[in-house]
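Asks: Structure in structure tokens, see below.
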Amino acid sequence: MQLKEVKSHQQMLGMLRDGKKNYVLLYKKGSEASDCSYQSIAKAVEGLGDIEVLAADVSVVRDIHPKYAVTSAPSLMIFEGKQFIKTEKGCSDVDYYKSLFESTLFTAKSANGEKPQKRVTVYSTPTCSWCNTLKKHLDKYGIRYTDIDVSKDQKAAEAMVKKSGQQGVPQTDINGQIIVGFDKTRINSLLGIQ
């Protein structure tokens, strides 16, 4: 699925689907961060059936960002139906966006009464023994997660340090809550592991 360009706030509202998570990327064509974000999101949505991402170039479409107090591009706006929820700013890698969109699909599929799984991202390196212990722990309980090797992905490493203020691994991002190290008790608590 490709990103769908929108030309106005009115058009955007008409394309937001009721009862679903909706995504709107505000970007500025030609800006390095915006181009990075646009390309990462375009790759992330390939092959994901029911995910639709709308896109608006803020240098052309001037009536969306002021309504939601968005002051920087790129920004990925997240809606529940037509209700604005939050904004993800800057460029993230393909895996991050993929996990964001997949968690939406997973949440939709598990709406039949079981609790949806939280979005989990593990920042690790191949030589880190605690990283491997953490991933084995998640695997044991069937927790789906995105594993990002920060030794190979400089942007992801910088994003990790920006979120936590720490350089050490493992770090786990559970729905936006950062856990540095393998804090089994806290991880189990956040993920509902008994």
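In the structure tokens, chains take letters A, B, ... by order of appearance, with residues numbered from 1 within each chain and ligands from 1 in the order shown.
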Can you pull out the residues contacting region 96-101 of chain A? Cut-off 9 Å, using only C-alpha atoms, and skip same-chain residues under 5 positions away; I want them as a list in words.

Replies: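 The residues satisfying every condition are Ser40, Ile41, Lys43, Ala44, Val45, Leu48, Ile51, Phe106, Arg119, Val120, Thr121, Tyr145, Thr146 and Ile148 of chain A.
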
Asks: Please save C-alpha atoms of the selected residues as a compact mmCIF listing (two decimals), in the first residue's frame.

Replies:
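Here's the written file result.txt:
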# COMPACT_ATOMS: atom_id res chain seq x y z
CA SER A 40 10.67 4.58 5.73
CA ILE A 41 6.89 4.71 6.10
CA LYS A 43 8.57 0.71 2.89
CA ALA A 44 6.93 -0.15 6.23
CA VAL A 45 3.39 -0.24 4.78
CA LEU A 48 0.48 -4.58 5.22
CA ILE A 51 -3.03 0.05 6.92
CA PHE A 106 -2.67 -7.02 15.88
CA ARG A 119 4.18 -2.44 21.14
CA VAL A 120 7.61 -3.75 22.15
CA THR A 121 10.95 -2.68 20.68
CA TYR A 145 8.84 -7.51 19.47
CA THR A 146 10.97 -5.59 17.02
CA ILE A 148 16.92 -3.25 16.54

Asks: Can you work out which one of A:Ala69, A:Glu88, A:Ser8, A:Cys36 has the shortest atom-to-atom distance to Leu54 (chain A), counting only C-alpha atoms?

Replies: A:Ser8

Asks: For Pro126 (chain A), please output as a list in words all residues within 10 Å (counting only C-alpha atoms; exclusion window: fewer than 3 positions along the same chain).

Replies: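 Close residues of Pro126 (chain A): Ser129, Cys131, Asn132, Asp149, Val150, Ser151 and Lys152 of chain A.
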
Asks: Dump N, CA and C atoms for the selected residues as an mmCIF file, in the first residue's frame?

Replies:
data_model
loop_
_atom_site.group_PDB
_atom_site.id
_atom_site.type_symbol
_atom_site.label_atom_id
_atom_site.label_comp_id
_atom_site.auth_asym_id
_atom_site.auth_seq_id
_atom_site.Cartn_x
_atom_site.Cartn_y
_atom_site.Cartn_z
ATOM 1 N N SER A 129 25.195 -10.232 26.171
ATOM 2 C CA SER A 129 24.571 -11.444 26.726
ATOM 3 C C SER A 129 23.218 -11.131 27.376
ATOM 4 N N CYS A 131 21.164 -8.883 26.404
ATOM 5 C CA CYS A 131 20.212 -8.686 25.301
ATOM 6 C C CYS A 131 19.608 -10.032 24.897
ATOM 7 N N ASN A 132 20.484 -11.042 24.766
ATOM 8 C CA ASN A 132 20.018 -12.377 24.375
ATOM 9 C C ASN A 132 19.113 -12.972 25.447
ATOM 10 N N ASP A 149 19.244 -3.737 16.089
ATOM 11 C CA ASP A 149 20.675 -3.871 16.374
ATOM 12 C C ASP A 149 21.314 -2.492 16.269
ATOM 13 N N VAL A 150 21.575 -1.868 17.424
ATOM 14 C CA VAL A 150 22.104 -0.501 17.419
ATOM 15 C C VAL A 150 23.574 -0.433 17.005
ATOM 16 N N SER A 151 24.238 -1.595 16.912
ATOM 17 C CA SER A 151 25.627 -1.578 16.435
ATOM 18 C C SER A 151 25.674 -1.373 14.926
ATOM 19 N N LYS A 152 24.572 -1.651 14.242
ATOM 20 C CA LYS A 152 24.522 -1.502 12.784
ATOM 21 C C LYS A 152 23.671 -0.326 12.335
#

Asks: Please identify which residues in chain A DSSP calls alpha helix (DSSP H) from the backbone, and express them as a PyMOL selection string.

Replies: chain A and resi 9-15+32-45+94-109+129-140+154-164+184-191

Asks: Would you kindly return, as a PyMOL selection string, each protein, DNA or RNA residue with an atom no farther than 10 Å from any atom of Tyr68 (chain A), considering only C-alpha atoms and excluding same-chain residues fewer than 6 positions away?

Replies: chain A and resi 77+84+86-87

Asks: Using only N, CA and C atoms, please write the residues we just selected to a file, as a compact mmCIF listing (two decimals), in the first residue's frame.

Replies:
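Written out: out.txt:
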# COMPACT_ATOMS: atom_id res chain seq x y z
N MET A 77 0.98 11.88 12.53
CA MET A 77 -0.17 12.07 13.41
C MET A 77 -0.97 10.77 13.48
N PHE A 84 -7.95 12.82 17.20
CA PHE A 84 -6.49 12.94 17.23
C PHE A 84 -5.96 12.41 18.55
N LYS A 86 -2.09 11.34 19.11
CA LYS A 86 -0.73 11.81 19.40
C LYS A 86 0.07 11.96 18.12
N THR A 87 1.30 12.45 18.27
CA THR A 87 2.19 12.66 17.15
C THR A 87 3.52 11.97 17.41

Asks: Name all residues at most 7 Å from Leu76 (chain A) (count only C-alpha atoms; drop same-chain ones fewer than 5 positions away) and give them as a PyMOL selection string.

Replies: chain A and resi 23-26+87-89

Asks: Write a file of the selected residues as a PDB file, in the first residue's frame, keeping N, CA and C atoms.

Replies:
ATOM      1  N   TYR A  23      -3.420   7.153  10.207  1.00  0.00           N
ATOM      2  CA  TYR A  23      -2.116   7.801  10.266  1.00  0.00           C
ATOM      3  C   TYR A  23      -2.039   8.871   9.191  1.00  0.00           C
ATOM      4  N   VAL A  24      -1.509  10.044   9.580  1.00  0.00           N
ATOM      5  CA  VAL A  24      -1.323  11.133   8.630  1.00  0.00           C
ATOM      6  C   VAL A  24       0.102  11.650   8.794  1.00  0.00           C
ATOM      7  N   LEU A  25       0.893  11.547   7.727  1.00  0.00           N
ATOM      8  CA  LEU A  25       2.264  12.039   7.754  1.00  0.00           C
ATOM      9  C   LEU A  25       2.293  13.471   7.232  1.00  0.00           C
ATOM     10  N   LEU A  26       2.763  14.385   8.077  1.00  0.00           N
ATOM     11  CA  LEU A  26       2.998  15.751   7.642  1.00  0.00           C
ATOM     12  C   LEU A  26       4.491  15.857   7.351  1.00  0.00           C
ATOM     13  N   THR A  87       1.298  12.447  18.274  1.00  0.00           N
ATOM     14  CA  THR A  87       2.190  12.664  17.146  1.00  0.00           C
ATOM     15  C   THR A  87       3.523  11.970  17.407  1.00  0.00           C
ATOM     16  N   GLU A  88       4.055  11.295  16.388  1.00  0.00           N
ATOM     17  CA  GLU A  88       5.407  10.745  16.429  1.00  0.00           C
ATOM     18  C   GLU A  88       6.252  11.680  15.567  1.00  0.00           C
ATOM     19  N   LYS A  89       7.246  12.326  16.170  1.00  0.00           N
ATOM     20  CA  LYS A  89       8.025  13.319  15.428  1.00  0.00           C
ATOM     21  C   LYS A  89       9.322  12.733  14.893  1.00  0.00           C
TER      22      LYS A  89
END

Asks: May I have the residues within 6 Å of region 159-172 of chain A as a short mmCIF file (atom, residue, chain, number, x, y, z; two decimals) with N, CA and C atoms, in the first residue's frame, using only C-alpha atoms and disregarding those fewer than 3 positions away in the same chain?

Replies:
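part.cif was written with the following content:
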data_model
loop_
_atom_site.label_atom_id
_atom_site.label_comp_id
_atom_site.auth_asym_id
_atom_site.auth_seq_id
_atom_site.Cartn_x
_atom_site.Cartn_y
_atom_site.Cartn_z
N THR A 121 9.74 -2.80 21.49
CA THR A 121 10.95 -2.68 20.68
C THR A 121 12.14 -2.94 21.60
N VAL A 122 13.05 -3.83 21.16
CA VAL A 122 14.25 -4.13 21.92
C VAL A 122 15.44 -3.55 21.17
N TYR A 123 16.23 -2.73 21.86
CA TYR A 123 17.48 -2.21 21.31
C TYR A 123 18.60 -3.08 21.86
N SER A 124 19.38 -3.67 20.96
CA SER A 124 20.38 -4.64 21.41
C SER A 124 21.61 -4.61 20.50
N CYS A 131 21.16 -8.88 26.40
CA CYS A 131 20.21 -8.69 25.30
C CYS A 131 19.61 -10.03 24.90
N ALA A 156 19.14 4.63 14.81
CA ALA A 156 18.40 3.97 15.89
C ALA A 156 19.13 4.11 17.22
N ILE A 178 10.46 3.27 28.64
CA ILE A 178 11.80 2.75 28.39
C ILE A 178 12.31 2.03 29.64
N ILE A 179 12.81 0.82 29.43
CA ILE A 179 13.43 0.06 30.51
C ILE A 179 14.88 -0.19 30.09
N VAL A 180 15.83 0.30 30.89
CA VAL A 180 17.24 0.11 30.61
C VAL A 180 17.70 -1.14 31.35
N GLY A 181 18.37 -2.05 30.63
CA GLY A 181 18.83 -3.30 31.23
C GLY A 181 17.72 -4.35 31.23
#
